[in-house]
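Next comes coords_18.txt, with compact mmCIF, C-alpha atoms.
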# COMPACT_ATOMS: atom_id res chain seq x y z
CA MET A 165 -78.74 -39.11 59.60
CA LEU A 166 -81.45 -36.99 57.98
CA MET A 167 -85.01 -37.52 59.17
CA SER A 168 -87.47 -38.59 56.50
CA ARG A 169 -91.17 -37.77 56.63
CA ARG A 170 -91.74 -41.22 58.15
CA ASP A 171 -89.24 -40.42 60.90
CA ILE A 172 -91.19 -37.28 61.74
CA TYR A 173 -94.47 -39.16 62.02
CA ILE A 174 -93.23 -42.15 64.04
CA PRO A 175 -92.64 -40.33 67.39
CA LEU A 176 -95.87 -38.36 66.86
CA ILE A 177 -97.88 -41.56 66.41
CA ILE A 178 -96.26 -43.30 69.38
CA PHE A 179 -96.89 -40.24 71.54
CA ALA A 180 -100.55 -40.04 70.44
CA LEU A 181 -101.11 -43.72 71.28
CA PHE A 182 -99.27 -43.34 74.60
CA ALA A 183 -101.15 -40.21 75.66
CA GLY A 184 -104.50 -41.61 74.56
CA LEU A 185 -103.93 -44.81 76.47
CA TYR A 186 -104.00 -42.88 79.76
CA LEU A 187 -105.82 -39.67 78.88
CA ILE A 188 -109.02 -41.37 77.65
CA PRO A 189 -109.65 -43.49 80.79
CA ALA A 190 -108.63 -40.53 82.98
CA LEU A 191 -111.23 -38.34 81.27
CA MET A 192 -113.83 -41.10 81.60
CA ALA A 193 -113.16 -41.62 85.31
CA ASP A 194 -115.57 -40.41 87.97
CA ASP A 195 -113.11 -37.82 89.24
CA ASP A 196 -110.30 -35.69 87.88
CA PHE A 197 -107.54 -37.14 90.06
CA PHE A 198 -105.16 -37.53 87.10
CA PHE A 199 -105.24 -33.77 86.52
CA ARG A 200 -105.09 -32.53 90.12
CA PRO A 201 -101.96 -31.09 91.80
CA VAL A 202 -101.57 -34.17 94.01
CA TRP A 203 -98.64 -34.79 96.39
CA ASP A 204 -95.41 -33.25 95.07
CA VAL A 205 -97.27 -31.47 92.27
CA GLY A 206 -98.96 -29.28 94.87
CA HIS A 207 -95.54 -28.20 96.16
CA TYR A 208 -94.33 -27.41 92.65
CA GLN A 209 -97.47 -25.34 92.12
CA SER A 210 -96.97 -23.43 95.38
CA ILE A 211 -93.34 -22.65 94.43
CA ALA A 212 -94.43 -21.43 91.00
CA GLU A 213 -97.19 -19.25 92.42
CA GLY A 214 -95.62 -17.88 95.58
CA GLY A 215 -92.00 -18.94 95.84
CA TYR A 216 -90.48 -20.89 98.69
CA GLU A 217 -92.09 -21.12 102.12
CA VAL A 218 -90.21 -22.36 105.19
CA ARG A 219 -92.00 -22.63 108.53
CA PRO A 220 -92.26 -24.80 111.64
CA CYS A 221 -94.36 -27.92 111.21
CA ASP A 222 -98.00 -27.83 112.31
CA PRO A 223 -99.60 -31.14 113.44
CA ALA A 224 -102.93 -29.96 112.05
CA ARG A 225 -101.73 -29.61 108.47
CA ASP A 226 -98.35 -31.28 108.02
CA TYR A 227 -97.32 -34.90 107.57
CA PRO A 228 -94.83 -36.23 108.34
CA MET A 229 -93.92 -34.07 111.30
CA GLY A 230 -90.46 -32.62 111.72
CA LYS A 231 -88.67 -29.40 112.51
CA ILE A 232 -89.08 -27.80 109.07
CA CYS A 233 -92.14 -27.75 106.81
CA GLY A 234 -93.21 -25.84 103.73
CA ASN A 235 -91.99 -26.51 100.20
CA ALA A 236 -88.20 -26.25 100.55
CA GLY A 237 -87.71 -29.92 99.66
CA TRP A 238 -88.38 -29.46 95.95
CA PHE A 239 -86.10 -28.05 93.27
CA PRO A 240 -87.16 -24.90 91.36
CA GLY A 241 -86.37 -25.78 87.73
CA TRP A 242 -89.78 -27.21 86.89
CA PRO A 243 -91.98 -24.65 88.72
CA MET A 244 -89.93 -21.77 87.27
CA THR A 245 -90.42 -23.21 83.78
CA VAL A 246 -94.15 -23.66 84.34
CA LYS A 247 -94.52 -20.11 85.64
CA VAL A 248 -92.69 -18.61 82.65
CA LEU A 249 -94.28 -20.71 79.90
CA SER A 250 -97.81 -20.60 81.28
CA ILE A 251 -97.67 -16.80 81.67
CA GLY A 252 -98.83 -17.01 85.25
CA GLN A 253 -101.59 -19.57 84.64
CA VAL A 254 -99.73 -22.16 86.69
CA GLY A 255 -102.68 -24.51 87.22
CA TRP A 256 -103.22 -24.86 83.48
CA GLY A 257 -99.51 -25.01 82.82
CA LEU A 258 -99.14 -28.03 85.09
CA LYS A 259 -101.87 -29.78 83.09
CA ILE A 260 -100.75 -28.89 79.55
CA LEU A 261 -96.97 -28.52 79.60
CA PRO A 262 -96.26 -32.18 80.52
CA TYR A 263 -97.85 -33.25 77.23
CA ILE A 264 -95.76 -30.75 75.27
CA PHE A 265 -92.49 -31.73 76.94
CA THR A 266 -93.26 -35.44 76.62
CA LEU A 267 -93.87 -35.02 72.89
CA LEU A 268 -90.66 -33.01 72.49
CA GLY A 269 -88.82 -35.59 74.57
CA PHE A 270 -90.12 -38.42 72.38
CA ILE A 271 -89.01 -36.60 69.23
CA LEU A 272 -85.52 -35.88 70.59
CA PHE A 273 -85.15 -39.36 72.05
CA TYR A 274 -86.14 -40.93 68.74
CA ARG A 275 -83.78 -38.69 66.80
CA LEU A 276 -80.97 -39.47 69.23
CA LEU A 277 -81.31 -43.21 68.57
CA LEU A 278 -81.72 -42.58 64.86
CA ASN A 279 -78.36 -40.83 64.82
CA PHE A 280 -76.18 -43.51 66.41
CA ALA A 281 -78.22 -46.69 65.87
CA GLY A 282 -81.00 -46.94 63.31
CA ARG A 283 -84.73 -46.67 62.68
CA THR A 284 -85.64 -50.10 64.08
CA GLU A 285 -83.69 -49.48 67.29
CA ALA A 286 -85.18 -45.98 67.64
CA VAL A 287 -88.73 -47.31 67.31
CA ILE A 288 -88.14 -50.13 69.82
CA ALA A 289 -86.55 -47.73 72.32
CA LEU A 290 -89.47 -45.31 72.08
CA ILE A 291 -92.02 -48.11 72.40
CA ALA A 292 -90.20 -49.47 75.46
CA LEU A 293 -90.02 -45.98 76.98
CA SER A 294 -93.74 -45.33 76.52
CA ALA A 295 -94.58 -48.85 77.77
CA SER A 296 -92.51 -48.71 80.95
CA PRO A 297 -94.62 -49.47 84.04
CA THR A 298 -94.99 -45.91 85.36
CA ALA A 299 -94.52 -43.87 82.19
CA PHE A 300 -97.93 -42.27 82.80
CA TYR A 301 -96.22 -39.95 85.31
CA LEU A 302 -94.86 -38.14 82.25
CA LEU A 303 -98.38 -36.81 81.66
CA THR A 304 -98.85 -35.48 85.19
CA GLY A 305 -97.66 -32.30 86.86
CA PHE A 306 -94.53 -34.00 88.19
CA PRO A 307 -91.28 -32.82 86.52
CA TYR A 308 -90.57 -36.08 84.66
CA ALA A 309 -91.69 -34.89 81.22
CA PHE A 310 -89.41 -31.87 81.57
CA MET A 311 -86.60 -34.19 82.71
CA LEU A 312 -87.12 -36.44 79.68
CA PHE A 313 -86.91 -33.45 77.37
CA LEU A 314 -83.77 -32.08 79.05
CA PHE A 315 -82.09 -35.49 79.23
CA ALA A 316 -82.80 -36.29 75.58
CA ALA A 317 -81.64 -32.81 74.55
CA TYR A 318 -78.46 -33.21 76.59
CA LEU A 319 -77.57 -36.57 75.02
CA TYR A 320 -78.47 -35.30 71.57
CA TYR A 321 -75.99 -32.42 71.83
CA LEU A 322 -73.41 -34.45 73.74
CA TYR A 323 -73.09 -36.96 70.90
CA ARG A 324 -73.29 -34.36 68.13
CA PRO A 325 -70.30 -32.02 68.47
CA GLU A 326 -71.18 -30.43 65.13
CA ALA A 327 -74.74 -29.45 66.17
CA ALA A 328 -75.50 -25.74 65.94
CA GLY A 329 -75.38 -23.97 69.30
CA ARG A 330 -73.95 -27.01 71.08
CA LYS A 331 -71.31 -24.97 72.92
CA TYR A 332 -74.02 -23.14 74.86
CA LEU A 333 -77.00 -25.50 74.74
CA LEU A 334 -75.13 -28.47 76.23
CA PRO A 335 -74.18 -26.76 79.54
CA LEU A 336 -77.60 -25.06 79.59
CA ALA A 337 -79.37 -28.45 79.47
CA ALA A 338 -77.03 -29.79 82.16
CA GLY A 339 -77.63 -26.79 84.41
CA LEU A 340 -81.41 -27.05 84.03
CA LEU A 341 -81.27 -30.77 84.79
CA SER A 342 -79.38 -30.08 88.02
CA LEU A 343 -81.87 -27.35 88.95
CA THR A 344 -84.89 -29.60 88.41
CA TYR A 345 -84.31 -32.89 90.23
CA PRO A 346 -82.09 -33.91 93.19
CA SER A 347 -80.48 -36.97 91.58
CA ALA A 348 -79.81 -35.21 88.25
CA PHE A 349 -76.20 -34.59 89.30
CA LEU A 350 -75.58 -38.29 88.63
CA THR A 351 -75.91 -37.52 84.91
CA ALA A 352 -72.38 -36.07 85.16
CA ILE A 353 -71.05 -39.64 85.06
CA ILE A 354 -72.01 -39.79 81.35
CA PRO A 355 -69.69 -37.05 80.03
CA PHE A 356 -67.02 -38.04 82.57
CA ILE A 357 -66.74 -41.62 81.26
CA MET A 358 -67.09 -40.41 77.67
CA LEU A 359 -64.13 -38.06 78.15
CA ILE A 360 -62.00 -40.77 79.78
CA GLY A 361 -62.69 -43.01 76.79
CA GLN A 362 -61.76 -40.26 74.34
CA TYR A 363 -58.50 -39.57 76.16
CA ARG A 364 -57.54 -43.25 76.15
CA ARG A 365 -58.14 -43.55 72.40
CA ARG A 366 -55.93 -40.60 71.51
CA ALA A 367 -52.46 -41.27 70.19
CA VAL A 368 -51.15 -38.31 72.18
CA ARG A 369 -52.45 -37.91 75.72
CA PRO A 370 -53.89 -34.44 76.42
CA GLY A 371 -52.24 -32.12 78.92
CA LEU A 372 -53.57 -31.32 82.37
CA LYS A 373 -54.77 -27.90 81.24
CA MET A 374 -56.95 -29.41 78.50
CA ILE A 375 -58.28 -32.12 80.82
CA ALA A 376 -59.14 -29.56 83.51
CA GLY A 377 -60.90 -27.36 80.94
CA ASP A 378 -62.93 -30.27 79.56
CA MET A 379 -63.90 -31.50 83.00
CA PHE A 380 -65.04 -28.05 84.07
CA TYR A 381 -67.08 -27.49 80.90
CA TYR A 382 -68.81 -30.88 81.04
CA LEU A 383 -69.15 -31.48 84.79
CA ALA A 384 -69.50 -28.10 86.50
CA PRO A 385 -73.05 -27.40 85.20
CA PHE A 386 -74.34 -30.46 87.05
CA ALA A 387 -73.30 -28.89 90.36
CA LEU A 388 -74.77 -25.50 89.46
CA GLY A 389 -78.39 -26.23 90.41
CA PRO A 390 -77.82 -27.52 93.97
CA LEU A 391 -75.25 -24.79 94.63
CA LEU A 392 -77.56 -22.00 93.46
CA LEU A 393 -80.47 -23.38 95.48
CA SER A 394 -78.30 -23.79 98.59
CA PHE A 395 -76.95 -20.26 98.21
CA TYR A 396 -80.51 -18.94 97.92
CA PHE A 397 -81.54 -20.81 101.06
CA TYR A 398 -78.50 -19.40 102.87
CA VAL A 399 -79.42 -15.83 101.90
CA ALA A 400 -83.16 -16.23 102.53
CA TYR A 401 -83.19 -18.56 105.55
CA ASP A 402 -79.59 -18.58 106.83
CA ASP A 403 -79.29 -22.33 106.14
CA PHE A 404 -77.02 -23.44 103.30
CA LEU A 405 -77.99 -27.11 103.89
CA LEU A 406 -81.72 -26.44 104.22
CA ILE A 407 -82.57 -28.96 101.49
CA LEU A 408 -80.94 -31.72 103.57
CA HIS A 409 -82.37 -30.52 106.88
CA PHE A 410 -85.85 -30.46 105.33
CA GLN A 411 -85.50 -34.11 104.24
CA GLU A 412 -84.64 -35.38 107.73
CA LYS A 413 -88.31 -35.94 108.60
CA TYR A 414 -88.64 -38.52 105.82
CA ASP A 415 -86.27 -40.88 107.68
CA ARG A 416 -84.03 -41.56 104.71
CA ASN A 417 -80.72 -42.90 105.96
CA TRP A 418 -77.86 -44.09 103.79
CA GLY A 419 -77.77 -47.85 103.39
CA PHE A 420 -76.22 -50.54 101.22
CA PRO A 421 -78.47 -50.49 98.13
CA LEU A 422 -78.42 -54.24 97.42
CA ALA A 423 -79.43 -54.94 101.03
CA VAL A 424 -82.29 -52.44 100.76
CA ILE A 425 -83.44 -54.02 97.49
CA TRP A 426 -83.24 -57.52 99.00
CA GLU A 427 -85.28 -56.40 102.02
CA SER A 428 -87.96 -55.14 99.65
CA LEU A 429 -87.97 -58.30 97.52
CA LYS A 430 -88.38 -60.45 100.64
CA HIS A 431 -91.82 -58.89 101.02
CA PHE A 432 -92.78 -59.79 97.47
CA GLN A 433 -96.49 -60.56 97.01
CA LEU A 434 -98.44 -61.19 93.84
CA SER A 435 -101.74 -60.14 95.37
CA THR A 436 -102.81 -56.54 95.87
CA GLU A 437 -105.01 -57.63 98.78
CA ALA A 438 -102.27 -56.56 101.20
CA HIS A 439 -103.68 -53.14 100.55
CA PHE A 440 -101.74 -50.26 99.18
CA MET A 441 -102.14 -48.01 102.19
CA ASN A 442 -100.32 -50.20 104.71
CA ILE A 443 -96.63 -50.92 105.16
CA GLU A 444 -96.68 -53.57 102.45
CA HIS A 445 -97.74 -50.95 99.92
CA SER A 446 -94.28 -49.55 99.24
CA TYR A 447 -92.78 -53.04 98.92
CA PHE A 448 -95.47 -54.28 96.53
CA ALA A 449 -95.37 -51.14 94.41
CA ALA A 450 -91.56 -51.10 94.36
CA ASN A 451 -90.80 -54.74 93.62
CA PHE A 452 -92.20 -55.03 90.10
CA ILE A 453 -90.38 -51.81 89.19
CA ILE A 454 -87.12 -53.05 90.73
CA LEU A 455 -87.41 -56.31 88.80
CA TRP A 456 -88.51 -54.78 85.49
CA TYR A 457 -85.55 -52.42 85.34
CA GLY A 458 -83.09 -54.75 87.06
CA LEU A 459 -83.69 -57.71 84.75
CA ILE A 460 -82.80 -55.55 81.75
CA PHE A 461 -79.13 -56.01 82.72
CA PHE A 462 -79.48 -59.80 82.66
CA ILE A 463 -81.90 -60.38 79.79
CA PHE A 464 -80.54 -57.77 77.39
CA ALA A 465 -76.74 -57.88 77.28
CA PRO A 466 -75.87 -54.16 77.16
CA TRP A 467 -72.47 -54.43 75.52
CA ARG A 468 -73.68 -52.64 72.36
CA THR A 469 -74.77 -49.62 74.42
CA LYS A 470 -72.31 -46.83 75.12
CA PRO A 471 -70.55 -47.69 78.41
CA GLU A 472 -71.28 -44.32 79.96
CA LEU A 473 -75.03 -44.89 79.54
CA VAL A 474 -74.82 -48.36 81.09
CA VAL A 475 -72.89 -47.00 84.08
CA TYR A 476 -75.44 -44.19 84.48
CA VAL A 477 -78.32 -46.69 84.56
CA LEU A 478 -76.54 -48.87 87.10
CA LEU A 479 -75.57 -45.89 89.27
CA LEU A 480 -79.07 -44.40 89.30
CA TYR A 481 -80.61 -47.86 89.80
CA LEU A 482 -78.61 -48.21 93.04
CA PHE A 483 -78.83 -44.57 94.15
CA SER A 484 -82.47 -44.46 95.24
CA PRO A 485 -82.30 -47.59 97.45
CA ALA A 486 -78.98 -46.28 98.79
CA THR A 487 -81.05 -43.65 100.62
CA GLY A 488 -82.37 -46.49 102.78
CA SER A 489 -85.87 -46.83 101.32
CA VAL A 490 -87.70 -48.00 98.22
CA PHE A 491 -90.59 -45.63 98.82
CA SER A 492 -91.53 -43.75 95.62
CA ILE A 493 -88.94 -45.72 93.68
CA TRP A 494 -91.66 -46.30 91.08
CA ARG A 495 -91.24 -42.59 90.25
CA HIS A 496 -87.51 -42.25 90.82
CA TYR A 497 -86.71 -44.97 88.28
CA LEU A 498 -88.44 -42.98 85.53
CA LEU A 499 -85.08 -41.24 85.10
CA LEU A 500 -83.54 -44.53 83.90
CA PHE A 501 -84.19 -43.38 80.34
CA PRO A 502 -81.11 -45.12 78.84
CA ALA A 503 -82.41 -48.48 80.10
CA VAL A 504 -84.67 -48.64 77.04
CA ILE A 505 -81.65 -47.89 74.85
CA MET A 506 -80.06 -51.00 76.35
CA ILE A 507 -83.15 -52.97 75.31
CA ALA A 508 -83.18 -51.52 71.78
CA LEU A 509 -79.48 -52.08 71.08
CA SER A 510 -79.33 -55.56 72.60
CA PRO A 511 -78.47 -58.51 70.32
CA ARG A 512 -81.58 -60.30 71.62
CA PRO A 513 -84.36 -61.01 69.08
CA ARG A 514 -86.86 -58.31 68.29
CA TRP A 515 -89.81 -60.34 69.58
CA LEU A 516 -88.21 -60.56 73.03
CA LYS A 517 -87.68 -56.80 73.18
CA LEU A 518 -91.30 -56.10 72.27
CA ALA A 519 -92.51 -58.79 74.67
CA TYR A 520 -90.55 -57.17 77.48
CA ALA A 521 -92.10 -53.80 76.63
CA ALA A 522 -95.52 -55.50 76.64
CA ILE A 523 -94.87 -56.78 80.16
CA GLY A 524 -94.11 -53.23 81.27
CA LEU A 525 -97.34 -52.00 79.68
CA PHE A 526 -99.30 -54.80 81.36
CA LEU A 527 -97.89 -53.78 84.76
CA ALA A 528 -98.80 -50.17 83.99
CA LEU A 529 -102.41 -50.89 83.05
CA TYR A 530 -103.09 -53.64 85.57
CA ILE A 531 -101.27 -52.32 88.65
CA TYR A 532 -99.66 -48.91 88.57
CA PHE A 533 -102.07 -46.67 86.70
CA PRO A 534 -105.17 -47.99 88.54
CA GLU A 535 -103.44 -47.61 91.90
CA PHE A 536 -102.31 -44.12 91.00
CA MET A 537 -105.89 -43.20 90.11
CA ARG A 538 -107.02 -44.56 93.50
CA GLY A 539 -104.57 -42.19 95.19
CA TYR A 540 -102.12 -44.78 96.51
CA LEU A 541 -98.91 -44.20 94.54
CA VAL A 542 -97.34 -41.28 96.37
Starting from the file, give its structure as structure tokens.
Amino acid sequence: MLMSRRDIYIPLIIFALFAGLYLIPALMADDDFFFRPVWDVGHYQSIAEGGYEVRPCDPARDYPMGKICGNAGWFPGWPMTVKVLSIGQVGWGLKILPYIFTLLGFILFYRLLLNFAGRTEAVIALIALSASPTAFYLLTGFPYAFMLFLFAAYLYYLYRPEAAGRKYLLPLAAGLLSLTYPSAFLTAIIPFIMLIGQYRRRAVRPGLKMIAGDMFYYLAPFALGPLLLSFYFYVAYDDFLLILHFQEKYDRNWGFPLAVIWESLKHFQLSTEAHFMNIEHSYFAANFIILWYGLIFFIFAPWRTKPELVVYVLLLYLFSPATGSVFSIWRHYLLLFPAVIMIALSPRPRWLKLAYAAIGLFLALYIYFPEFMRGYLV
């Protein structure tokens, strides 16, 4: 489907409204917290500026304590991109590039929906994406804007076999995804299920050689990032599993995801008076996010959405709590990009879809963005 002039302006307008909604109050705030390299952003900046650092933990400067400290717990795709595109001005790159990649991600995401759905569905999906409760992280130095761009680019080329350069750009996007975020390898479930569906619909079943070739082309790039990083850690620090050993101090242990979610929901409170810096913080901050994304499955019947996208959303929805904790799930669930496609393509009435997006925006402006600006949403 060709994009009209209106289709060019729509994602630009939605992006401008989205960015202004958070940028204006951030600029008017008493401090510049929104633009600082806080938490993980500081680690991405240190990787971009000086590479990886692995050292013993020091009680005077490190929290939490463990055997290994430094910045080896973060993937290099985003800091490498910032370093290259900002021509060494990493601090400025971390402030500016998220806006560029968010805009590009919005354009690609809109065009993706325009291709296999329609204009109304594309607009609703983009509104729901920009109104999700923690979408403001896209405008920070975290890698989520870059992930949105890569994910939208990957789906765009995946569903357009005739697109110019697809043969090379599709595995490139997959490889960069896997090099940027730990759970990105789960994206491999999308081409896997798509291929299974294509094989089942063929009159003549493909041979093992063709299946093996397809699987390697579509799935291998998603393993490339972790393997390259592990190989680098083996050469540099003699520890192929350094990324896992580094994470041990965060006390994440595999658990049954539904049990972990239920444990969090049992601590549900409507008041923020159980303040955000005690143990109830992670439960309070997580529960609205868990419910907002989880209820999409029940309110918006996803049978019009491609099955591989539905499975991806369900798999990623359960993956984070499967690590035994809901801490930072308000950020991890940002990668549930196809959830808004489920909303847009649902047979539910349009007013319900927009109302649901409005609820997400209310949660963003009333709870999550203010608490982020106070320094509580790690």
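Of the residues under consideration (A:Met506, A:Pro421, A:Tyr476, A:Ile178), A:Met506 shows the shortest atom-to-atom contact distance to Leu277 of chain A when counting only C-alpha atoms.
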Item to check | Length of the atom CA of Leu525 of chain A to atom CA of Phe452 of chain A vector [Å] | outcome: 12.0 Å
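Atom pair atom CA of Glu472 of chain A / atom CA of Ala317 of chain A: separated by 16.4 Å.
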Checklist entry - Using all atoms listed in the file, which residue out of A:Gly305, A:Tyr540, A:Leu293, A:Tyr382 lies closest to Tyr332 of chain A? => result A:Tyr382
Checklist entry - What lies within 12 Å of Glu427 of chain A using all atoms listed in the file, ignoring chain neighbours under 4 positions off, as an MDAnalysis selection string? => result chainID A and resid 419:423 431:432 444 446:448 450:451 454 485 488:490
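Remark: for Trp494 of chain A, the closest of the candidate residues A:Trp456, A:Trp467, A:Trp238, A:Tyr320 is A:Trp456 (distances computed over only C-alpha atoms).
Comparing A:Trp242, A:Tyr301, A:Phe270, A:Phe491 by their smallest distance to Phe198 of chain A, the closest is A:Tyr301 (using only C-alpha atoms).
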Next on the checklist: I'd like the interatomic distance between atom CA of Val248 of chain A and atom CA of Leu333 of chain A, to a tenth of an Å.
Outcome noted: 18.9 Å
Checklist entry - What lies within 8 Å of Ala337 of chain A using all atoms listed in the file, ignoring chain neighbours under 6 positions off, as a PyMOL selection string? => result chain A and resi 314-315+317-318
Checklist entry - Looking at all atoms listed in the file, which of A:Leu350, A:Leu319, A:Met374, A:Val424 is the one that sits closest to Ala486 of chain A? => result A:Val424
